$ cat model-v2.cif   # mmCIF, C-alpha atoms and all ligand atoms
data_upload
#
loop_
_atom_site.label_atom_id
_atom_site.label_comp_id
_atom_site.auth_asym_id
_atom_site.auth_seq_id
_atom_site.Cartn_x
_atom_site.Cartn_y
_atom_site.Cartn_z
CA MET Q 1 -16.63 14.71 10.30
CA MET Q 2 -14.81 13.26 13.29
CA GLU Q 3 -12.12 10.81 12.20
CA GLU Q 4 -13.65 8.04 14.31
CA LYS Q 5 -16.84 8.25 12.21
CA LEU Q 6 -14.81 8.16 8.99
CA VAL Q 7 -12.91 5.11 10.29
CA SER Q 8 -16.11 3.25 11.05
CA LYS Q 9 -17.61 4.12 7.66
CA VAL Q 10 -14.51 2.94 5.76
CA LYS Q 11 -14.37 -0.27 7.82
CA ASP Q 12 -18.01 -0.95 6.89
CA TRP Q 13 -17.25 -0.37 3.21
CA ILE Q 14 -14.22 -2.68 3.38
CA ALA Q 15 -16.45 -5.38 4.89
CA VAL Q 16 -18.93 -5.04 2.02
CA ALA Q 17 -16.09 -5.08 -0.55
CA THR Q 18 -14.66 -8.20 1.09
CA ALA Q 19 -17.98 -10.03 0.81
CA LEU Q 20 -18.17 -9.00 -2.85
CA ILE Q 21 -14.63 -10.25 -3.56
CA LYS Q 22 -15.30 -13.60 -1.88
CA GLU Q 23 -18.54 -14.03 -3.80
CA ARG Q 24 -16.81 -13.22 -7.11
CA LEU Q 25 -14.03 -15.73 -6.34
CA GLU Q 26 -16.63 -18.48 -6.63
CA GLU Q 27 -17.16 -17.61 -10.31
CA PRO Q 28 -14.63 -17.52 -13.20
CA LEU Q 29 -12.80 -14.18 -13.29
CA ASP Q 30 -12.87 -11.93 -16.32
CA VAL Q 31 -9.15 -11.09 -16.78
CA GLU Q 32 -7.73 -8.48 -19.16
CA ARG Q 33 -4.20 -7.20 -19.84
CA LYS Q 34 -3.33 -3.52 -19.44
CA SER Q 35 0.16 -2.15 -20.24
CA ASN Q 36 2.01 -5.49 -20.59
CA TYR Q 37 1.67 -9.30 -20.40
CA SER Q 38 1.81 -9.51 -16.60
CA ASP Q 39 -0.20 -6.32 -15.92
CA LEU Q 40 -3.62 -7.86 -15.27
CA VAL Q 41 -6.93 -6.36 -14.28
CA THR Q 42 -10.12 -8.26 -13.48
CA ASN Q 43 -13.81 -7.50 -13.34
CA VAL Q 44 -13.42 -7.58 -9.54
CA ASP Q 45 -10.74 -4.83 -9.44
CA LYS Q 46 -13.12 -2.59 -11.38
CA GLU Q 47 -16.23 -3.57 -9.43
CA VAL Q 48 -14.59 -3.01 -6.04
CA GLU Q 49 -13.21 0.39 -7.06
CA SER Q 50 -16.64 1.39 -8.46
CA PHE Q 51 -18.22 0.39 -5.15
CA PHE Q 52 -15.87 2.66 -3.17
CA VAL Q 53 -16.33 5.52 -5.67
CA GLN Q 54 -20.14 5.26 -5.37
CA GLN Q 55 -20.03 5.32 -1.56
CA ILE Q 56 -17.64 8.30 -1.45
CA ARG Q 57 -19.64 10.23 -4.08
CA LYS Q 58 -22.86 9.62 -2.12
CA GLU Q 59 -21.44 10.67 1.28
CA PHE Q 60 -18.84 13.26 0.32
CA PRO Q 61 -19.70 14.62 -3.14
CA THR Q 62 -16.92 17.24 -3.24
CA ASP Q 63 -14.08 14.85 -2.33
CA LYS Q 64 -11.56 13.82 -5.01
CA ILE Q 65 -10.77 10.20 -5.83
CA LEU Q 66 -7.52 8.82 -7.23
CA GLY Q 67 -8.12 5.14 -8.00
CA GLU Q 68 -5.89 2.74 -9.92
CA GLU Q 69 -8.64 1.68 -12.31
CA GLY Q 70 -9.84 5.23 -13.00
CA MET Q 71 -13.45 4.59 -11.90
CA GLY Q 72 -13.50 7.99 -10.19
CA GLY Q 73 -13.08 9.82 -13.51
CA GLU Q 74 -10.22 12.14 -14.51
CA PRO Q 75 -6.86 11.59 -12.73
CA VAL Q 76 -6.33 13.86 -9.70
CA THR Q 77 -3.65 16.51 -10.27
CA ASP Q 78 -4.66 19.02 -7.60
CA PHE Q 79 -4.36 17.66 -4.06
CA SER Q 80 -6.19 20.48 -2.30
CA GLY Q 81 -9.19 19.44 -0.20
CA ARG Q 82 -9.87 15.80 0.68
CA VAL Q 83 -8.42 13.16 -1.64
CA TRP Q 84 -9.07 9.41 -1.46
CA VAL Q 85 -6.31 7.20 -2.89
CA ILE Q 86 -7.67 3.75 -3.72
CA ASP Q 87 -6.15 0.47 -4.83
CA PRO Q 88 -9.20 -1.82 -4.96
CA ILE Q 89 -7.15 -5.01 -5.27
CA ASP Q 90 -3.44 -4.69 -4.66
CA GLY Q 91 -1.64 -7.79 -5.85
CA THR Q 92 -3.91 -8.61 -8.79
CA LEU Q 93 -1.49 -11.29 -10.07
CA ASN Q 94 -1.68 -13.03 -6.67
CA PHE Q 95 -5.47 -12.58 -6.69
CA VAL Q 96 -5.76 -14.27 -10.09
CA LYS Q 97 -3.17 -17.04 -9.60
CA GLN Q 98 -3.32 -17.73 -5.84
CA GLN Q 99 -6.67 -16.33 -4.64
CA GLU Q 100 -4.74 -15.01 -1.62
CA ASN Q 101 -1.93 -12.57 -0.77
CA PHE Q 102 -3.83 -9.49 -1.97
CA CYS Q 103 -5.11 -6.37 -0.20
CA ILE Q 104 -7.67 -3.59 -0.38
CA MET Q 105 -5.96 -0.22 0.21
CA ILE Q 106 -7.41 3.21 0.95
CA GLY Q 107 -5.47 6.36 1.87
CA ILE Q 108 -7.17 9.63 2.83
CA TYR Q 109 -5.36 12.98 2.52
CA GLU Q 110 -6.44 16.53 3.32
CA ASP Q 111 -4.60 19.27 1.42
CA GLY Q 112 -1.83 16.73 0.75
CA LYS Q 113 -1.46 15.81 4.42
CA PRO Q 114 -1.99 12.22 5.62
CA VAL Q 115 -5.26 11.67 7.49
CA LEU Q 116 -6.11 7.95 7.47
CA GLY Q 117 -4.79 4.75 5.90
CA PHE Q 118 -6.34 1.28 5.59
CA ILE Q 119 -4.65 -1.87 4.28
CA TYR Q 120 -6.75 -5.04 4.49
CA GLU Q 121 -5.20 -8.38 3.63
CA VAL Q 122 -8.46 -10.00 2.67
CA MET Q 123 -7.83 -13.76 3.06
CA LYS Q 124 -5.76 -13.30 6.23
CA LYS Q 125 -8.40 -10.99 7.76
CA GLU Q 126 -5.71 -8.51 8.82
CA LEU Q 127 -6.63 -4.83 8.77
CA ILE Q 128 -3.92 -2.29 9.57
CA TRP Q 129 -5.50 1.13 9.87
CA GLY Q 130 -5.12 4.53 11.48
CA GLY Q 131 -3.55 7.93 11.11
CA PRO Q 132 -1.89 10.78 13.00
CA GLN Q 133 -5.03 11.68 15.01
CA VAL Q 134 -6.06 8.16 16.04
CA GLY Q 135 -2.89 6.02 16.15
CA VAL Q 136 -2.25 2.83 14.17
CA PHE Q 137 -3.92 -0.52 14.86
CA ILE Q 138 -3.70 -4.08 13.60
CA ASN Q 139 -7.32 -5.18 13.83
CA ASP Q 140 -8.13 -3.98 17.40
CA THR Q 141 -4.60 -3.88 18.79
CA GLU Q 142 -2.64 -0.63 18.80
CA ILE Q 143 0.89 -0.70 17.38
CA ASN Q 144 3.34 1.53 19.20
CA GLN Q 145 6.79 0.06 18.83
CA ILE Q 146 9.39 0.24 16.08
CA SER Q 147 12.09 -2.42 15.96
CA THR Q 148 15.67 -1.48 16.79
CA ASP Q 149 17.14 -4.53 14.99
CA SER Q 150 20.04 -3.87 12.64
CA LEU Q 151 19.96 -4.91 8.96
CA LYS Q 152 21.98 -8.07 9.60
CA ASP Q 153 19.22 -9.27 11.96
CA SER Q 154 16.32 -8.29 9.69
CA LEU Q 155 14.42 -9.74 6.77
CA VAL Q 156 13.98 -7.46 3.78
CA ASN Q 157 11.08 -7.50 1.33
CA VAL Q 158 11.92 -6.34 -2.20
CA ASN Q 159 10.29 -6.12 -5.59
CA THR Q 160 11.40 -9.08 -7.73
CA MET Q 161 12.43 -7.11 -10.86
CA MET Q 162 14.34 -4.55 -8.80
CA PHE Q 163 16.19 -7.35 -7.03
CA LEU Q 164 17.02 -9.22 -10.26
CA GLN Q 165 18.38 -5.99 -11.79
CA ASN Q 166 20.01 -4.81 -8.55
CA ASP Q 167 18.12 -1.50 -8.75
CA CYS Q 168 18.74 0.80 -5.78
CA HIS Q 169 21.35 -1.62 -4.35
CA THR Q 170 18.66 -4.20 -3.58
CA GLN Q 171 21.07 -7.14 -4.02
CA GLU Q 172 23.72 -5.67 -1.70
CA ILE Q 173 21.06 -4.72 0.85
CA GLY Q 174 19.57 -8.21 0.61
CA LEU Q 175 22.96 -9.90 0.99
CA THR Q 176 23.73 -7.81 4.10
CA SER Q 177 20.39 -8.79 5.67
CA LEU Q 178 19.19 -11.97 7.36
CA GLY Q 179 17.15 -12.91 4.28
CA VAL Q 180 15.14 -11.65 1.32
CA ARG Q 181 11.39 -12.08 0.80
CA MET Q 182 9.21 -11.18 -2.20
CA CYS Q 183 5.43 -11.06 -1.94
CA GLY Q 184 4.08 -9.31 -5.07
CA CYS Q 185 1.78 -7.09 -3.05
CA ALA Q 186 2.67 -3.57 -1.89
CA GLY Q 187 -0.01 -3.70 0.82
CA ILE Q 188 1.60 -6.76 2.39
CA GLY Q 189 5.03 -5.13 1.94
CA PHE Q 190 3.91 -2.10 3.95
CA LYS Q 191 1.81 -3.98 6.49
CA ASP Q 192 4.43 -6.59 7.28
CA THR Q 193 7.14 -3.90 7.64
CA LEU Q 194 4.96 -1.92 10.04
CA LEU Q 195 4.23 -5.11 12.00
CA GLY Q 196 7.96 -5.95 12.26
CA ARG Q 197 7.73 -9.16 10.18
CA HIS Q 198 10.49 -7.66 8.08
CA HIS Q 199 12.20 -4.32 8.52
CA VAL Q 200 12.78 -3.09 4.97
CA TYR Q 201 10.44 -2.84 1.98
CA ILE Q 202 11.67 -1.64 -1.42
CA SER Q 203 9.54 -1.52 -4.57
CA TYR Q 204 8.66 0.64 -7.58
CA LEU Q 205 5.24 1.97 -6.64
CA GLN Q 206 2.44 4.05 -8.07
CA PRO Q 207 0.64 6.58 -5.81
CA TRP Q 208 -2.22 4.08 -5.14
CA ASP Q 209 0.37 1.43 -4.16
CA TYR Q 210 1.80 3.66 -1.40
CA GLY Q 211 -1.03 6.12 -0.58
CA ALA Q 212 -2.45 4.10 2.33
CA GLY Q 213 0.88 2.73 3.58
CA LEU Q 214 2.50 6.17 3.66
CA VAL Q 215 -0.12 7.48 6.13
CA LEU Q 216 0.43 4.51 8.46
CA ALA Q 217 4.23 4.43 8.15
CA GLU Q 218 4.60 8.18 8.79
CA THR Q 219 2.27 8.01 11.78
CA LEU Q 220 4.37 5.26 13.36
CA GLY Q 221 7.68 7.07 12.68
CA PHE Q 222 9.02 4.80 9.93
CA VAL Q 223 11.21 6.27 7.19
CA THR Q 224 9.41 6.43 3.82
CA ILE Q 225 11.30 7.94 0.90
CA GLY Q 226 11.42 7.96 -2.88
CA LEU Q 227 14.77 6.48 -3.90
CA ASP Q 228 14.93 8.90 -6.83
CA ASN Q 229 15.64 11.67 -4.28
CA ASN Q 230 12.04 12.72 -4.38
CA LYS Q 231 9.48 13.17 -1.69
CA LEU Q 232 6.50 10.81 -1.96
CA ASP Q 233 3.93 13.29 -3.25
CA LEU Q 234 1.29 10.95 -4.79
CA LYS Q 235 2.05 12.35 -8.24
CA LYS Q 236 4.09 9.64 -9.96
CA ARG Q 237 5.60 6.15 -9.91
CA VAL Q 238 8.80 6.03 -7.86
CA PRO Q 239 11.09 3.47 -6.21
CA VAL Q 240 10.00 3.52 -2.56
CA LEU Q 241 11.94 2.56 0.57
CA VAL Q 242 10.14 1.88 3.85
CA THR Q 243 12.26 1.02 6.86
CA THR Q 244 12.99 1.70 10.51
CA PRO Q 245 14.99 4.82 11.50
CA ILE Q 246 17.86 2.60 12.75
CA ILE Q 247 18.20 0.67 9.48
CA TYR Q 248 17.83 3.86 7.43
CA GLN Q 249 20.80 5.30 9.28
CA GLU Q 250 22.81 2.14 8.50
CA LEU Q 251 21.84 2.33 4.82
CA GLN Q 252 22.80 6.01 4.62
CA GLU Q 253 26.21 5.25 6.10
CA THR Q 254 26.79 2.62 3.38
CA TYR Q 255 25.09 4.21 0.34
CA GLU Q 256 25.71 7.93 0.00
CA GLU Q 257 22.79 8.49 -2.35
CA LEU Q 258 20.12 7.06 -0.02
C1 LIG G 301 1.21 -4.28 -7.86
C2 LIG G 301 1.68 -4.85 -6.56
C3 LIG G 301 3.12 -5.32 -6.63
C4 LIG G 301 4.04 -4.24 -7.12
C5 LIG G 301 3.54 -3.73 -8.45
C6 LIG G 301 2.12 -3.20 -8.32
P1 LIG G 301 -1.41 -4.20 -8.46
O1 LIG G 301 -0.09 -3.70 -7.69
O2 LIG G 301 1.58 -3.93 -5.50
O3 LIG G 301 3.59 -5.70 -5.38
O4 LIG G 301 5.33 -4.76 -7.26
O5 LIG G 301 4.39 -2.67 -8.87
O6 LIG G 301 1.68 -2.75 -9.57
O7 LIG G 301 -1.30 -3.74 -9.87
O8 LIG G 301 -1.48 -5.67 -8.32
O9 LIG G 301 -2.47 -3.44 -7.72
CA CA G 302 -2.80 -3.24 -11.38
CA CA G 303 -1.18 -1.99 -6.37
CA CA G 304 -4.56 -2.83 -7.98
#

$ encode --input "model-v2.cif" --output "structure tokens"
Amino acid sequence: MMEEKLVSKVKDWIAVATALIKERLEEPLDVERKSNYSDLVTNVDKEVESFFVQQIRKEFPTDKILGEEGMGGEPVTDFSGRVWVIDPIDGTLNFVKQQENFCIMIGIYEDGKPVLGFIYEVMKKELIWGGPQVGVFINDTEINQISTDSLKDSLVNVNTMMFLQNDCHTQEIGLTSLGVRMCGCAGIGFKDTLLGRHHVYISYLQPWDYGAGLVLAETLGFVTIGLDNNKLDLKKRVPVLVTTPIIYQELQETYEEL
């Protein structure tokens, strides 16, 4: 299928998922805990992921699906063929406590190679989408510039726990920058880096937290690396750095291990 057709299909599905989320926000949420006290999941996370799984299964029955809530069945270990990486609601804590600052994220890979990425910040109505064959857009406007600002003139967005514990030099990097921001949503972290609202994003992320953003960041020529000296291969949770080539060079000059 031509990528344009896939884009339009996914945009339609995101619109349906958005309507579902907004409808569910008018009722009390059913909230459960997963691995720890602050690791929440709601009925809406599960329902939205199930919706995407159903659509994909109907249209593309042989495709594989790696979704945070496991609605697509067994975890994906073999990335041959087409794989969909889905985070139905990224920023569940924000979703539950703020009813804003959360995203829907979908990444599409073919034999492990990035094809398309979609990050939709639902309440802000901002969709960043695209891939190597089509370019990257914010809603209908193409993005084609990467900032050349240095770290001292840039905001950085970091994961709160990493910053508090100074993991991966996040405190030093923050103190060298113009200012530190924390948003609790990987989708916003990626989107706002790619839009130049800040120029660094650092967080511990699972494959579904970075699957969509990686496609978009790589297409635009941003640096995306695992700070454990690993390539981002969608197989495990890693500390992720997303930044501009200029700032990456600065960081490498200061921190040998980056
Ligand atoms: C979380 C958010 C958050 C990140 C966490 C993720 P979720 O995703 O992306 O920004 O710091 O590591 O788990 O669970 O709300 O989809
Ligand atoms: Ca979660
Ligand atoms: Ca997430
Ligand atoms: Ca999620």

$ residues_near_ligand --input "model-v2.cif" --ligand "ligand CA 302 (chain G)" --cutoff "10 Å" --atoms "all atoms listed in the file" --output "ChimeraX atom specification"
/Q:33-35,38-42,45,68-69,87-93,206,208-209

$ atom_distance --input "model-v2.cif" --atom1 "atom CA of Asn229 of chain Q" --atom2 "atom CA of Tyr204 of chain Q"
13.5 Å

$ closest_residue --input "model-v2.cif" --among "Q:Ile56, Q:Cys168, Q:Leu195, Q:Leu6" --to "Glu257 of chain Q" --atoms "all atoms listed in the file"
Q:Cys168

$ closest_residue --input "model-v2.cif" --among "Q:Glu74, Q:Phe163, Q:Met182, Q:Asn230" --to "Asn94 of chain Q" --atoms "only C-alpha atoms"
Q:Met182

$ closest_residue --input "model-v2.cif" --among "Q:Gly107, Q:Pro239, Q:Gly226, Q:Gly67" --to "Ile128 of chain Q" --atoms "all atoms listed in the file"
Q:Gly107

$ closest_residue --input "model-v2.cif" --among "Q:Gln99, Q:Leu258, Q:Val242, Q:Lys125" --to "Ala15 of chain Q" --atoms "all atoms listed in the file"
Q:Lys125

$ residues_around --input "model-v2.cif" --residues "Ile108 of chain Q" --least-positions-apart "6" --cutoff "6 Å" --atoms "all atoms listed in the file" --output "ChimeraX atom specification"
/Q:83-84,115-116

$ axis_aligned_box --input "model-v2.cif" --around "ligand LIG 301 (chain G)" --padding-each-side "3 Å" --output "AutoDock Vina command-line options"
--center_x 1.4 --center_y -4.2 --center_z -7.6 --size_x 13.8 --size_y 9.0 --size_z 10.5

$ residues_around --input "model-v2.cif" --residues "segment 169-176 of chain Q" --least-positions-apart "2" --cutoff "8 Å" --atoms "only C-alpha atoms" --output "tab-separated table (two decimals) with C-alpha atoms, keeping the file's coordinate frame"
chain	number	residue	atom	x	y	z
Q	151	LEU	CA	19.96	-4.91	8.96
Q	152	LYS	CA	21.98	-8.07	9.60
Q	156	VAL	CA	13.98	-7.46	3.78
Q	158	VAL	CA	11.92	-6.34	-2.20
Q	162	MET	CA	14.34	-4.55	-8.80
Q	163	PHE	CA	16.19	-7.35	-7.03
Q	164	LEU	CA	17.02	-9.22	-10.26
Q	166	ASN	CA	20.01	-4.81	-8.55
Q	167	ASP	CA	18.12	-1.50	-8.75
Q	178	LEU	CA	19.19	-11.97	7.36
Q	179	GLY	CA	17.15	-12.91	4.28
Q	180	VAL	CA	15.14	-11.65	1.32
Q	202	ILE	CA	11.67	-1.64	-1.42

$ closest_residue --input "model-v2.cif" --among "Q:Glu121, Q:Lys191, Q:Tyr210, Q:Glu3" --to "Ile86 of chain Q" --atoms "only C-alpha atoms"
Q:Tyr210

$ residues_near_point --input "model-v2.cif" --point "(6.2, 6.7, 10.0)" --cutoff "12 Å" --atoms "only C-alpha atoms" --output "number ranges by chain"
Q: 114, 117, 130-132, 135-136, 143-146, 190, 193-194, 212-225, 241-245

$ closest_residue --input "model-v2.cif" --among "Q:Ala186, Q:Ile21, Q:Leu205, Q:Val31" --to "Lys97 of chain Q" --atoms "only C-alpha atoms"
Q:Val31

$ atom_distance --input "model-v2.cif" --atom1 "atom CA of Tyr37 of chain Q" --atom2 "atom C2 of ligand LIG 301 (chain G)"
14.5 Å

$ atom_distance --input "model-v2.cif" --atom1 "atom CA of Ser150 of chain Q" --atom2 "atom CA of Ile246 of chain Q"
6.8 Å
